[in-house]
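Data block for data.txt (compact mmCIF, C-alpha atoms):
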```txt
# COMPACT_ATOMS: atom_id res chain seq x y z
CA MET K 54 -14.40 -15.83 39.67
CA GLY K 55 -12.71 -13.10 41.66
CA LYS K 56 -10.07 -11.08 39.92
CA ILE K 57 -6.47 -10.82 41.09
CA LYS K 58 -4.50 -7.62 40.54
CA ILE K 59 -1.45 -8.40 38.45
CA ASP K 60 1.50 -6.41 37.11
CA SER K 61 0.27 -3.38 35.16
CA ASN K 62 2.86 -4.22 32.52
CA ALA K 63 0.13 -6.22 30.82
CA PHE K 64 -0.47 -7.21 27.21
CA THR K 65 -3.08 -8.27 24.69
CA TYR K 66 -3.05 -11.92 23.54
CA PRO K 67 -1.45 -12.72 21.22
CA MET K 68 0.54 -10.04 19.36
CA PRO K 69 1.33 -10.40 15.63
CA MET K 70 5.02 -10.63 14.77
CA THR K 71 6.33 -8.45 11.97
CA LEU K 72 9.63 -7.26 10.59
CA VAL K 73 9.76 -3.49 10.17
CA GLY K 74 12.12 -2.37 7.44
CA ALA K 75 13.83 0.97 6.99
CA MET K 76 16.86 2.40 5.28
CA VAL K 77 19.45 3.36 7.88
CA ARG K 78 22.59 5.06 6.60
CA ASP K 79 21.88 3.79 3.10
CA ARG K 80 21.50 0.17 4.21
CA PRO K 81 18.31 -1.85 4.70
CA ASN K 82 17.69 -2.66 8.34
CA PHE K 83 15.00 -4.84 9.88
CA ALA K 84 13.56 -4.82 13.39
CA ALA K 85 11.35 -7.51 14.95
CA VAL K 86 8.17 -5.75 16.05
CA ALA K 87 5.01 -7.11 17.67
CA TRP K 88 3.68 -3.74 18.79
CA VAL K 89 1.93 -3.00 15.54
CA THR K 90 -1.67 -2.35 14.50
CA ARG K 91 -3.82 -0.85 11.81
CA VAL K 92 -4.99 2.56 12.98
CA ASN K 93 -7.00 4.02 10.10
CA TYR K 94 -9.30 2.38 7.59
CA SER K 95 -9.24 4.80 4.68
CA PRO K 96 -6.61 5.61 3.70
CA PRO K 97 -5.12 2.47 5.22
CA MET K 98 -2.64 3.30 7.95
CA MET K 99 -0.40 1.15 10.12
CA ALA K 100 1.30 2.12 13.38
CA VAL K 101 4.47 0.56 14.80
CA ALA K 102 5.91 1.32 18.24
CA LEU K 103 9.69 1.19 18.49
CA GLY K 104 11.93 1.79 21.48
CA LYS K 105 13.57 5.20 21.18
CA ASP K 106 17.04 3.70 21.09
CA HIS K 107 16.28 1.46 18.13
CA HIS K 108 18.68 1.72 15.21
CA THR K 109 15.68 1.88 12.86
CA ASN K 110 14.13 5.11 14.13
CA PRO K 111 16.46 7.71 12.59
CA GLY K 112 16.12 5.89 9.27
CA ILE K 113 12.32 6.17 9.35
CA HIS K 114 12.54 9.85 10.21
CA ALA K 115 15.07 10.55 7.47
CA ALA K 116 13.30 8.72 4.65
CA ARG K 117 9.81 9.31 6.04
CA ALA K 118 9.06 5.71 5.11
CA PHE K 119 9.11 2.19 6.47
CA SER K 120 7.84 -1.28 5.60
CA VAL K 121 5.88 -3.88 7.54
CA ASN K 122 6.62 -7.48 6.56
CA VAL K 123 4.81 -10.58 7.85
CA PRO K 124 7.21 -13.48 8.44
CA GLY K 125 6.04 -17.08 8.45
CA VAL K 126 7.01 -19.70 11.01
CA ASP K 127 9.78 -20.69 8.57
CA LEU K 128 11.40 -17.33 9.33
CA MET K 129 10.96 -17.53 13.12
CA ALA K 130 14.65 -17.94 13.95
CA LYS K 131 15.75 -15.17 11.58
CA THR K 132 13.00 -12.88 12.85
CA ASP K 133 13.96 -13.55 16.44
CA TYR K 134 17.58 -12.85 15.59
CA CYS K 135 16.50 -9.43 14.26
CA GLY K 136 15.07 -8.79 17.74
CA ILE K 137 18.26 -9.88 19.46
CA ALA K 138 20.88 -8.22 17.25
CA SER K 139 20.75 -4.44 16.98
CA GLY K 140 21.49 -2.86 13.63
CA LYS K 141 23.93 -0.68 15.52
CA LYS K 142 26.31 -3.62 15.80
CA THR K 143 25.05 -6.01 13.10
CA ASP K 144 24.68 -5.26 9.41
CA LYS K 145 21.38 -6.93 8.47
CA SER K 146 21.39 -5.58 4.92
CA GLY K 147 22.27 -8.96 3.41
CA PHE K 148 20.17 -11.00 5.79
CA PHE K 149 17.15 -11.17 3.52
CA THR K 150 16.54 -10.70 -0.19
CA VAL K 151 15.35 -7.12 -0.35
CA PHE K 152 12.95 -5.67 -2.88
CA THR K 153 11.39 -2.26 -3.22
CA GLY K 154 8.05 -1.10 -4.52
CA GLU K 155 7.08 2.48 -5.20
CA VAL K 156 8.43 4.02 -2.03
CA THR K 157 12.05 5.03 -1.55
CA GLY K 158 13.22 4.07 1.91
CA ALA K 159 10.87 1.15 2.55
CA PRO K 160 12.92 -2.00 1.90
CA MET K 161 10.75 -5.13 1.86
CA ILE K 162 11.61 -8.79 2.39
CA GLN K 163 11.19 -11.24 -0.47
CA GLU K 164 11.10 -14.19 1.98
CA CYS K 165 8.00 -12.75 3.72
CA ARG K 166 4.78 -13.77 2.02
CA LEU K 167 3.13 -10.41 2.72
CA CYS K 168 4.80 -7.00 2.69
CA MET K 169 3.51 -3.45 3.01
CA GLU K 170 5.30 -0.23 2.13
CA CYS K 171 4.33 2.82 4.16
CA LEU K 172 4.85 6.55 3.94
CA LEU K 173 5.35 8.15 7.34
CA VAL K 174 2.35 10.31 8.21
CA GLN K 175 3.11 11.19 11.81
CA SER K 176 5.30 10.13 14.71
CA VAL K 177 4.09 10.27 18.28
CA ASP K 178 6.69 10.83 20.97
CA LEU K 179 6.04 8.67 24.03
CA PRO K 180 8.18 8.30 27.17
CA GLY K 181 10.27 5.34 26.01
CA ASN K 182 8.98 4.60 22.53
CA GLU K 183 8.20 6.32 19.29
CA LEU K 184 4.96 5.45 17.53
CA PHE K 185 5.33 5.71 13.78
CA ILE K 186 2.08 6.04 11.85
CA GLY K 187 2.34 5.36 8.13
CA GLU K 188 -0.01 5.19 5.19
CA ILE K 189 0.11 1.83 3.41
CA VAL K 190 0.66 2.84 -0.20
CA GLY K 191 1.55 -0.59 -1.54
CA ALA K 192 1.01 -4.19 -0.46
CA TYR K 193 2.65 -7.23 -2.03
CA ALA K 194 1.99 -10.93 -1.52
CA ASP K 195 3.17 -14.26 -2.82
CA GLU K 196 0.57 -15.69 -5.15
CA GLY K 197 0.74 -18.91 -3.14
CA CYS K 198 -0.55 -17.24 0.03
CA LEU K 199 -3.71 -15.90 -1.61
CA THR K 200 -7.18 -17.44 -1.72
CA ASP K 201 -9.62 -15.72 -4.06
CA GLY K 202 -7.07 -12.92 -4.38
CA LYS K 203 -6.94 -12.18 -0.65
CA PRO K 204 -4.25 -13.10 1.87
CA ASP K 205 -5.07 -16.40 3.57
CA VAL K 206 -3.68 -16.65 7.08
CA THR K 207 -3.39 -20.44 6.83
CA LYS K 208 -1.09 -20.03 3.84
CA ILE K 209 0.89 -17.13 5.33
CA ASP K 210 1.51 -19.29 8.44
CA PRO K 211 2.43 -16.30 10.62
CA PHE K 212 3.43 -16.47 14.26
CA THR K 213 2.49 -14.39 17.23
CA LEU K 214 4.17 -13.28 20.45
CA THR K 215 3.00 -13.47 24.04
CA MET K 216 4.60 -11.47 26.83
CA PRO K 217 5.82 -11.58 29.56
CA ASP K 218 6.35 -15.32 29.00
CA ASN K 219 7.97 -14.56 25.62
CA GLY K 220 6.39 -17.34 23.63
CA TYR K 221 5.90 -17.64 19.89
CA TRP K 222 2.65 -19.25 18.77
CA ARG K 223 1.18 -20.48 15.54
CA ILE K 224 -2.36 -19.63 14.58
CA GLY K 225 -4.94 -22.28 15.48
CA ALA K 226 -8.36 -23.35 14.30
CA ARG K 227 -10.87 -21.06 12.67
CA VAL K 228 -13.66 -20.67 15.20
CA GLY K 229 -16.05 -18.17 13.66
CA GLN K 230 -16.98 -15.49 11.17
CA ALA K 231 -16.62 -11.87 12.27
CA TRP K 232 -19.60 -9.53 12.00
CA SER K 233 -21.74 -12.66 11.87
CA ALA K 234 -21.00 -14.91 14.89
CA GLY K 235 -22.97 -12.59 17.17
CA LYS K 236 -25.93 -11.78 14.97
CA ASN K 237 -28.32 -14.00 16.92
CA VAL K 238 -27.22 -12.76 20.33
CA LYS K 239 -29.92 -11.01 22.29
CA GLY K 240 -28.56 -7.79 23.80
CA MET O 216 8.50 -16.42 -5.70
CA GLY O 217 7.43 -13.25 -7.45
CA LYS O 218 5.24 -10.86 -5.54
CA ILE O 219 1.78 -9.78 -6.64
CA LYS O 220 0.54 -6.30 -5.83
CA ILE O 221 -2.65 -6.58 -3.78
CA ASP O 222 -5.11 -4.11 -2.26
CA SER O 223 -3.29 -1.57 -0.08
CA ASN O 224 -6.03 -2.05 2.49
CA ALA O 225 -3.79 -4.72 4.02
CA PHE O 226 -3.44 -6.11 7.53
CA THR O 227 -1.12 -7.88 9.93
CA TYR O 228 -1.95 -11.52 10.78
CA PRO O 229 -3.70 -12.15 13.05
CA MET O 230 -5.10 -9.27 15.14
CA PRO O 231 -5.97 -9.75 18.83
CA MET O 232 -9.63 -9.27 19.69
CA THR O 233 -10.48 -7.09 22.67
CA LEU O 234 -13.47 -5.35 24.17
CA VAL O 235 -12.82 -1.69 24.89
CA GLY O 236 -14.91 -0.33 27.72
CA ALA O 237 -15.88 3.26 28.45
CA MET O 238 -18.56 5.16 30.29
CA VAL O 239 -20.88 6.83 27.82
CA ARG O 240 -23.59 9.06 29.24
CA ASP O 241 -23.18 7.38 32.64
CA ARG O 242 -23.57 3.87 31.22
CA PRO O 243 -20.87 1.27 30.55
CA ASN O 244 -20.41 0.64 26.85
CA PHE O 245 -18.23 -1.93 25.12
CA ALA O 246 -16.78 -1.94 21.62
CA ALA O 247 -15.17 -4.90 19.82
CA VAL O 248 -11.69 -3.76 18.84
CA ALA O 249 -8.87 -5.62 17.08
CA TRP O 250 -6.85 -2.52 16.23
CA VAL O 251 -5.01 -2.41 19.52
CA THR O 252 -1.37 -2.63 20.57
CA ARG O 253 1.03 -1.84 23.36
CA VAL O 254 2.90 1.33 22.44
CA ASN O 255 5.15 2.11 25.42
CA TYR O 256 7.03 -0.16 27.76
CA SER O 257 7.45 1.97 30.87
CA PRO O 258 5.04 3.25 31.93
CA PRO O 259 2.93 0.62 30.18
CA MET O 260 0.71 2.15 27.53
CA MET O 261 -1.91 0.70 25.22
CA ALA O 262 -3.34 2.26 22.07
CA VAL O 263 -6.75 1.52 20.55
CA ALA O 264 -7.98 2.83 17.20
CA LEU O 265 -11.71 3.52 16.98
CA GLY O 266 -13.73 4.82 14.04
CA LYS O 267 -14.63 8.46 14.63
CA ASP O 268 -18.33 7.73 14.64
CA HIS O 269 -18.08 5.15 17.42
CA HIS O 270 -20.40 5.67 20.36
CA THR O 271 -17.46 5.01 22.69
CA ASN O 272 -15.25 7.93 21.67
CA PRO O 273 -16.99 10.84 23.44
CA GLY O 274 -17.06 8.72 26.60
CA ILE O 275 -13.29 8.20 26.50
CA HIS O 276 -12.72 11.90 25.94
CA ALA O 277 -15.07 12.90 28.75
CA ALA O 278 -13.75 10.51 31.40
CA ARG O 279 -10.20 10.47 30.03
CA ALA O 280 -10.24 6.73 30.66
CA PHE O 281 -11.01 3.41 29.03
CA SER O 282 -10.51 -0.30 29.61
CA VAL O 283 -9.13 -3.09 27.45
CA ASN O 284 -10.61 -6.52 28.14
CA VAL O 285 -9.48 -9.81 26.60
CA PRO O 286 -12.43 -12.10 25.80
CA GLY O 287 -12.02 -15.85 25.48
CA VAL O 288 -13.51 -17.99 22.75
CA ASP O 289 -16.45 -18.58 25.12
CA LEU O 290 -17.32 -14.89 24.65
CA MET O 291 -16.90 -14.88 20.85
CA ALA O 292 -20.59 -14.45 20.02
CA LYS O 293 -21.10 -11.71 22.62
CA THR O 294 -17.92 -9.94 21.51
CA ASP O 295 -18.98 -10.12 17.89
CA TYR O 296 -22.37 -8.74 18.82
CA CYS O 297 -20.61 -5.74 20.40
CA GLY O 298 -19.05 -5.14 16.97
CA ILE O 299 -22.38 -5.39 15.19
CA ALA O 300 -24.62 -3.41 17.57
CA SER O 301 -23.69 0.24 18.13
CA GLY O 302 -24.13 1.65 21.59
CA LYS O 303 -26.02 4.44 19.89
CA LYS O 304 -28.96 2.10 19.42
CA THR O 305 -28.25 -0.70 21.90
CA ASP O 306 -27.76 -0.35 25.65
CA LYS O 307 -24.91 -2.74 26.42
CA SER O 308 -24.65 -1.70 30.06
CA GLY O 309 -26.24 -4.93 31.30
CA PHE O 310 -24.59 -7.16 28.74
CA PHE O 311 -21.69 -8.15 30.96
CA THR O 312 -21.02 -8.12 34.70
CA VAL O 313 -19.12 -4.89 35.15
CA PHE O 314 -16.49 -4.19 37.76
CA THR O 315 -14.26 -1.22 38.36
CA GLY O 316 -10.76 -0.88 39.72
CA GLU O 317 -9.06 2.35 40.66
CA VAL O 318 -10.04 4.38 37.64
CA THR O 319 -13.36 6.16 37.27
CA GLY O 320 -14.67 5.75 33.74
CA ALA O 321 -12.99 2.45 32.87
CA PRO O 322 -15.65 -0.24 33.28
CA MET O 323 -14.19 -3.75 33.05
CA ILE O 324 -15.79 -7.08 32.23
CA GLN O 325 -15.91 -9.80 34.87
CA GLU O 326 -16.43 -12.48 32.21
CA CYS O 327 -13.09 -11.60 30.58
CA ARG O 328 -10.16 -13.40 32.17
CA LEU O 329 -7.83 -10.41 31.71
CA CYS O 330 -8.77 -6.75 32.03
CA MET O 331 -6.75 -3.53 31.98
CA GLU O 332 -7.83 -0.09 33.13
CA CYS O 333 -6.23 2.84 31.33
CA LEU O 334 -5.96 6.58 31.87
CA LEU O 335 -6.07 8.51 28.61
CA VAL O 336 -2.69 10.06 27.87
CA GLN O 337 -3.22 11.34 24.37
CA SER O 338 -5.54 11.01 21.42
CA VAL O 339 -4.31 11.18 17.85
CA ASP O 340 -6.71 12.48 15.25
CA LEU O 341 -6.51 10.48 12.01
CA PRO O 342 -8.65 10.82 8.87
CA GLY O 343 -11.32 8.29 9.81
CA ASN O 344 -10.25 7.02 13.21
CA GLU O 345 -9.14 8.28 16.56
CA LEU O 346 -6.18 6.61 18.22
CA PHE O 347 -6.53 6.63 21.98
CA ILE O 348 -3.29 6.12 23.91
CA GLY O 349 -3.72 5.21 27.57
CA GLU O 350 -1.47 4.32 30.46
CA ILE O 351 -2.32 0.93 31.97
CA VAL O 352 -2.67 1.75 35.66
CA GLY O 353 -4.27 -1.50 36.72
CA ALA O 354 -4.49 -5.05 35.37
CA TYR O 355 -6.74 -7.79 36.69
CA ALA O 356 -6.86 -11.49 35.89
CA ASP O 357 -8.74 -14.59 36.93
CA GLU O 358 -6.50 -16.73 39.11
CA GLY O 359 -7.34 -19.66 36.86
CA CYS O 360 -5.69 -18.05 33.82
CA LEU O 361 -2.33 -17.54 35.53
CA THR O 362 0.73 -19.78 35.48
CA ASP O 363 3.46 -18.79 37.94
CA GLY O 364 1.54 -15.56 38.51
CA LYS O 365 1.61 -14.52 34.85
CA PRO O 366 -1.19 -14.64 32.29
CA ASP O 367 -1.08 -17.89 30.31
CA VAL O 368 -2.44 -17.57 26.81
CA THR O 369 -3.53 -21.22 26.76
CA LYS O 370 -5.73 -20.57 29.79
CA ILE O 371 -7.03 -17.22 28.55
CA ASP O 372 -8.07 -18.95 25.28
CA PRO O 373 -8.33 -15.66 23.36
CA PHE O 374 -9.30 -15.34 19.73
CA THR O 375 -7.94 -13.28 16.91
CA LEU O 376 -9.31 -11.60 13.82
CA THR O 377 -8.17 -11.73 10.22
CA MET O 378 -9.28 -9.22 7.61
CA PRO O 379 -10.49 -8.85 4.89
CA ASP O 380 -11.79 -12.43 5.15
CA ASN O 381 -13.25 -11.62 8.60
CA GLY O 382 -12.30 -14.82 10.35
CA TYR O 383 -11.93 -15.52 14.05
CA TRP O 384 -9.09 -17.86 14.99
CA ARG O 385 -7.95 -19.63 18.11
CA ILE O 386 -4.30 -19.60 19.11
CA GLY O 387 -2.33 -22.65 17.98
CA ALA O 388 0.78 -24.51 19.03
CA ARG O 389 3.70 -22.92 20.82
CA VAL O 390 6.53 -22.93 18.31
CA GLY O 391 9.38 -21.11 20.03
CA GLN O 392 10.83 -18.91 22.71
CA ALA O 393 11.25 -15.22 21.91
CA TRP O 394 14.66 -13.58 22.34
CA SER O 395 16.07 -17.10 22.19
CA ALA O 396 14.92 -18.90 19.02
CA GLY O 397 17.35 -16.86 16.92
CA LYS O 398 20.39 -16.85 19.15
CA ASN O 399 22.28 -19.36 17.02
CA VAL O 400 21.50 -17.66 13.72
CA LYS O 401 24.53 -16.34 11.89
CA GLY O 402 23.88 -12.82 10.68
```
Whole structure, structure tokens version:
Amino acid sequence: MGKIKIDSNAFTYPMPMTLVGAMVRDRPNFAAVAWVTRVNYSPPMMAVALGKDHHTNPGIHAARAFSVNVPGVDLMAKTDYCGIASGKKTDKSGFFTVFTGEVTGAPMIQECRLCMECLLVQSVDLPGNELFIGEIVGAYADEGCLTDGKPDVTKIDPFTLTMPDNGYWRIGARVGQAWSAGKNVKG
Amino acid sequence: MGKIKIDSNAFTYPMPMTLVGAMVRDRPNFAAVAWVTRVNYSPPMMAVALGKDHHTNPGIHAARAFSVNVPGVDLMAKTDYCGIASGKKTDKSGFFTVFTGEVTGAPMIQECRLCMECLLVQSVDLPGNELFIGEIVGAYADEGCLTDGKPDVTKIDPFTLTMPDNGYWRIGARVGQAWSAGKNVKG
């Protein structure tokens, strides 16, 4: 099929929704972030891209720390609210039950089944966003979301984002095993 | 529920699968990459994290370009194969039907319903990976995967990756509208 040129403001499908936590002026603040990915295997590192005007950014710089929390579909409305309401105008410090691990300045969310605390390694200055790269120094999960000691996506029940249609989507059926599904393909 | 500390080699759920294209020694090469995210809104930029020993990396540096292609479930086995077979040992240049847009050095995949060509803006050197940040200068889609001129995830039928269980997953039900689902939440 022939290809049509579309808007260059294009996206991957779908994007995982997270809540990024930071201490801002001594209060926990949480931003809804789908522009997030692992970027290094060992040590484990996570990168999150935040608009430069986000309330969270100065907090990450000051504490040199942040958290990445994976909300379930049960937290969709609250997560979305965190993307609508800026911490500049809304105090989100009492919005979730906050806990901390080993890192000062990386408030995590008890209601999220999986949480990671990160130490800032590097920030990359881009035209409209800042990319914060952090080392994951602690990860915490609800026992109920583990299978054989590992996080089980069907128990986490996360949701994803698509843009520019701005949809939230649940995960669907398991369709294959990675590093295995292609082993019989002839190159 | 109390949290259990788990392996710090933790992930977001789920991760979008892509095929990253580059010209390596004058041949198109494709790597299976789930560590990918948008990182800047305007101009649109995409970042992909590749292990330092990947065959693709010198090609991206040399051409200062790469592509990001979104495979559907129909390409799961071929995509997985691209993650198993290194371009160092396997010539993947004839593995897909390749097309190019405006960028030299960003081979795209006709069989993928959505493709983006990127000019390298910056690379970030991390301990075991390189993070390539590129500006999306062209995006191309099959007409059949568009709804109202925008990519429709249900028509793209992409798949996602979970680690460390190494599962591939289809997208599930639409559960909400972003920047709307939380508008009635009381902060």
Taking only C-alpha atoms into account, report as a PyMOL selection string which residues of chain K lie within 6 Å of chain O. chain K and resi 56-59+61-62+66-67+69+88+90-93+97+102+130-131+133-134+137+182+189-195+219-232+234-235
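For the pair atom CA of Pro322 of chain O and atom CA of Asp363 of chain O, the interatomic distance is 27.0 Å.
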Pick out the residues sitting within 12 Å of Thr157 of chain K, and hand them over as a VMD selection string; count only C-alpha atoms, and ignore anything fewer than 3 positions along from it in its own chain. chain K and resid 74 to 76 79 81 112 to 113 115 to 120 152 to 154 160 to 161 170 to 173 190 to 191
Export of the given selection (C-alpha atoms) as a short mmCIF file (atom, residue, chain, number, x, y, z; two decimals), in the frame of the given file:
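Result saved to out.cif:
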```cif
data_model
loop_
_atom_site.label_atom_id
_atom_site.label_comp_id
_atom_site.auth_asym_id
_atom_site.auth_seq_id
_atom_site.Cartn_x
_atom_site.Cartn_y
_atom_site.Cartn_z
CA GLY K 74 12.12 -2.37 7.44
CA ALA K 75 13.83 0.97 6.99
CA MET K 76 16.86 2.40 5.28
CA ASP K 79 21.88 3.79 3.10
CA PRO K 81 18.31 -1.85 4.70
CA GLY K 112 16.12 5.89 9.27
CA ILE K 113 12.32 6.17 9.35
CA ALA K 115 15.07 10.55 7.47
CA ALA K 116 13.30 8.72 4.65
CA ARG K 117 9.81 9.31 6.04
CA ALA K 118 9.06 5.71 5.11
CA PHE K 119 9.11 2.19 6.47
CA SER K 120 7.84 -1.28 5.60
CA PHE K 152 12.95 -5.67 -2.88
CA THR K 153 11.39 -2.26 -3.22
CA GLY K 154 8.05 -1.10 -4.52
CA PRO K 160 12.92 -2.00 1.90
CA MET K 161 10.75 -5.13 1.86
CA GLU K 170 5.30 -0.23 2.13
CA CYS K 171 4.33 2.82 4.16
CA LEU K 172 4.85 6.55 3.94
CA LEU K 173 5.35 8.15 7.34
CA VAL K 190 0.66 2.84 -0.20
CA GLY K 191 1.55 -0.59 -1.54
#
```
Atom CA of Gly320 of chain O to atom CA of Ser338 of chain O measures 16.2 Å
Please, could all heavy atoms be added to segment 181-189 of chain K and the result written as an mmCIF file, keeping the file's coordinate frame?
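In the end it all went to result22.cif:
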```cif
data_model
loop_
_atom_site.group_PDB
_atom_site.id
_atom_site.type_symbol
_atom_site.label_atom_id
_atom_site.label_comp_id
_atom_site.auth_asym_id
_atom_site.auth_seq_id
_atom_site.Cartn_x
_atom_site.Cartn_y
_atom_site.Cartn_z
ATOM 1 N N GLY K 181 9.133 6.215 26.348
ATOM 2 C CA GLY K 181 10.270 5.340 26.010
ATOM 3 C C GLY K 181 10.242 4.843 24.581
ATOM 4 O O GLY K 181 11.179 4.204 24.126
ATOM 5 N N ASN K 182 9.157 5.100 23.895
ATOM 6 C CA ASN K 182 8.980 4.600 22.530
ATOM 7 C C ASN K 182 8.580 5.720 21.577
ATOM 8 O O ASN K 182 8.099 6.769 22.017
ATOM 9 C CB ASN K 182 7.876 3.528 22.503
ATOM 10 C CG ASN K 182 8.275 2.235 23.180
ATOM 11 O OD1 ASN K 182 8.470 2.207 24.388
ATOM 12 N ND2 ASN K 182 8.417 1.164 22.423
ATOM 13 N N GLU K 183 8.772 5.465 20.319
ATOM 14 C CA GLU K 183 8.200 6.320 19.290
ATOM 15 C C GLU K 183 7.162 5.499 18.540
ATOM 16 O O GLU K 183 7.409 4.335 18.207
ATOM 17 C CB GLU K 183 9.261 6.784 18.300
ATOM 18 C CG GLU K 183 10.124 7.905 18.806
ATOM 19 C CD GLU K 183 11.085 8.390 17.727
ATOM 20 O OE1 GLU K 183 12.089 7.702 17.492
ATOM 21 O OE2 GLU K 183 10.826 9.444 17.136
ATOM 22 N N LEU K 184 6.012 6.121 18.299
ATOM 23 C CA LEU K 184 4.960 5.450 17.530
ATOM 24 C C LEU K 184 4.952 6.065 16.139
ATOM 25 O O LEU K 184 4.669 7.253 15.979
ATOM 26 C CB LEU K 184 3.603 5.643 18.221
ATOM 27 C CG LEU K 184 2.421 4.923 17.565
ATOM 28 C CD1 LEU K 184 2.566 3.409 17.678
ATOM 29 C CD2 LEU K 184 1.104 5.377 18.193
ATOM 30 N N PHE K 185 5.288 5.246 15.166
ATOM 31 C CA PHE K 185 5.330 5.710 13.780
ATOM 32 C C PHE K 185 4.043 5.308 13.079
ATOM 33 O O PHE K 185 3.709 4.117 13.012
ATOM 34 C CB PHE K 185 6.523 5.100 13.053
ATOM 35 C CG PHE K 185 7.859 5.553 13.570
ATOM 36 C CD1 PHE K 185 8.593 4.760 14.443
ATOM 37 C CD2 PHE K 185 8.375 6.783 13.200
ATOM 38 C CE1 PHE K 185 9.837 5.188 14.918
ATOM 39 C CE2 PHE K 185 9.609 7.223 13.675
ATOM 40 C CZ PHE K 185 10.342 6.429 14.540
ATOM 41 N N ILE K 186 3.329 6.285 12.560
ATOM 42 C CA ILE K 186 2.080 6.040 11.850
ATOM 43 C C ILE K 186 2.328 6.275 10.366
ATOM 44 O O ILE K 186 2.788 7.353 9.975
ATOM 45 C CB ILE K 186 0.956 6.969 12.361
ATOM 46 C CG1 ILE K 186 0.714 6.723 13.857
ATOM 47 C CG2 ILE K 186 -0.324 6.774 11.554
ATOM 48 C CD1 ILE K 186 -0.266 7.709 14.500
ATOM 49 N N GLY K 187 2.072 5.243 9.566
ATOM 50 C CA GLY K 187 2.340 5.360 8.130
ATOM 51 C C GLY K 187 1.147 4.963 7.300
ATOM 52 O O GLY K 187 0.352 4.100 7.691
ATOM 53 N N GLU K 188 1.028 5.595 6.141
ATOM 54 C CA GLU K 188 -0.010 5.190 5.190
ATOM 55 C C GLU K 188 0.521 4.034 4.344
ATOM 56 O O GLU K 188 1.615 4.108 3.788
ATOM 57 C CB GLU K 188 -0.419 6.355 4.289
ATOM 58 C CG GLU K 188 -1.482 5.935 3.283
ATOM 59 C CD GLU K 188 -1.958 7.085 2.393
ATOM 60 O OE1 GLU K 188 -1.744 8.257 2.750
ATOM 61 O OE2 GLU K 188 -2.534 6.772 1.325
ATOM 62 N N ILE K 189 -0.261 2.959 4.272
ATOM 63 C CA ILE K 189 0.110 1.830 3.410
ATOM 64 C C ILE K 189 -0.174 2.233 1.971
ATOM 65 O O ILE K 189 -1.324 2.386 1.578
ATOM 66 C CB ILE K 189 -0.694 0.559 3.765
ATOM 67 C CG1 ILE K 189 -0.593 0.229 5.253
ATOM 68 C CG2 ILE K 189 -0.210 -0.624 2.924
ATOM 69 C CD1 ILE K 189 -1.584 -0.847 5.703
#
```
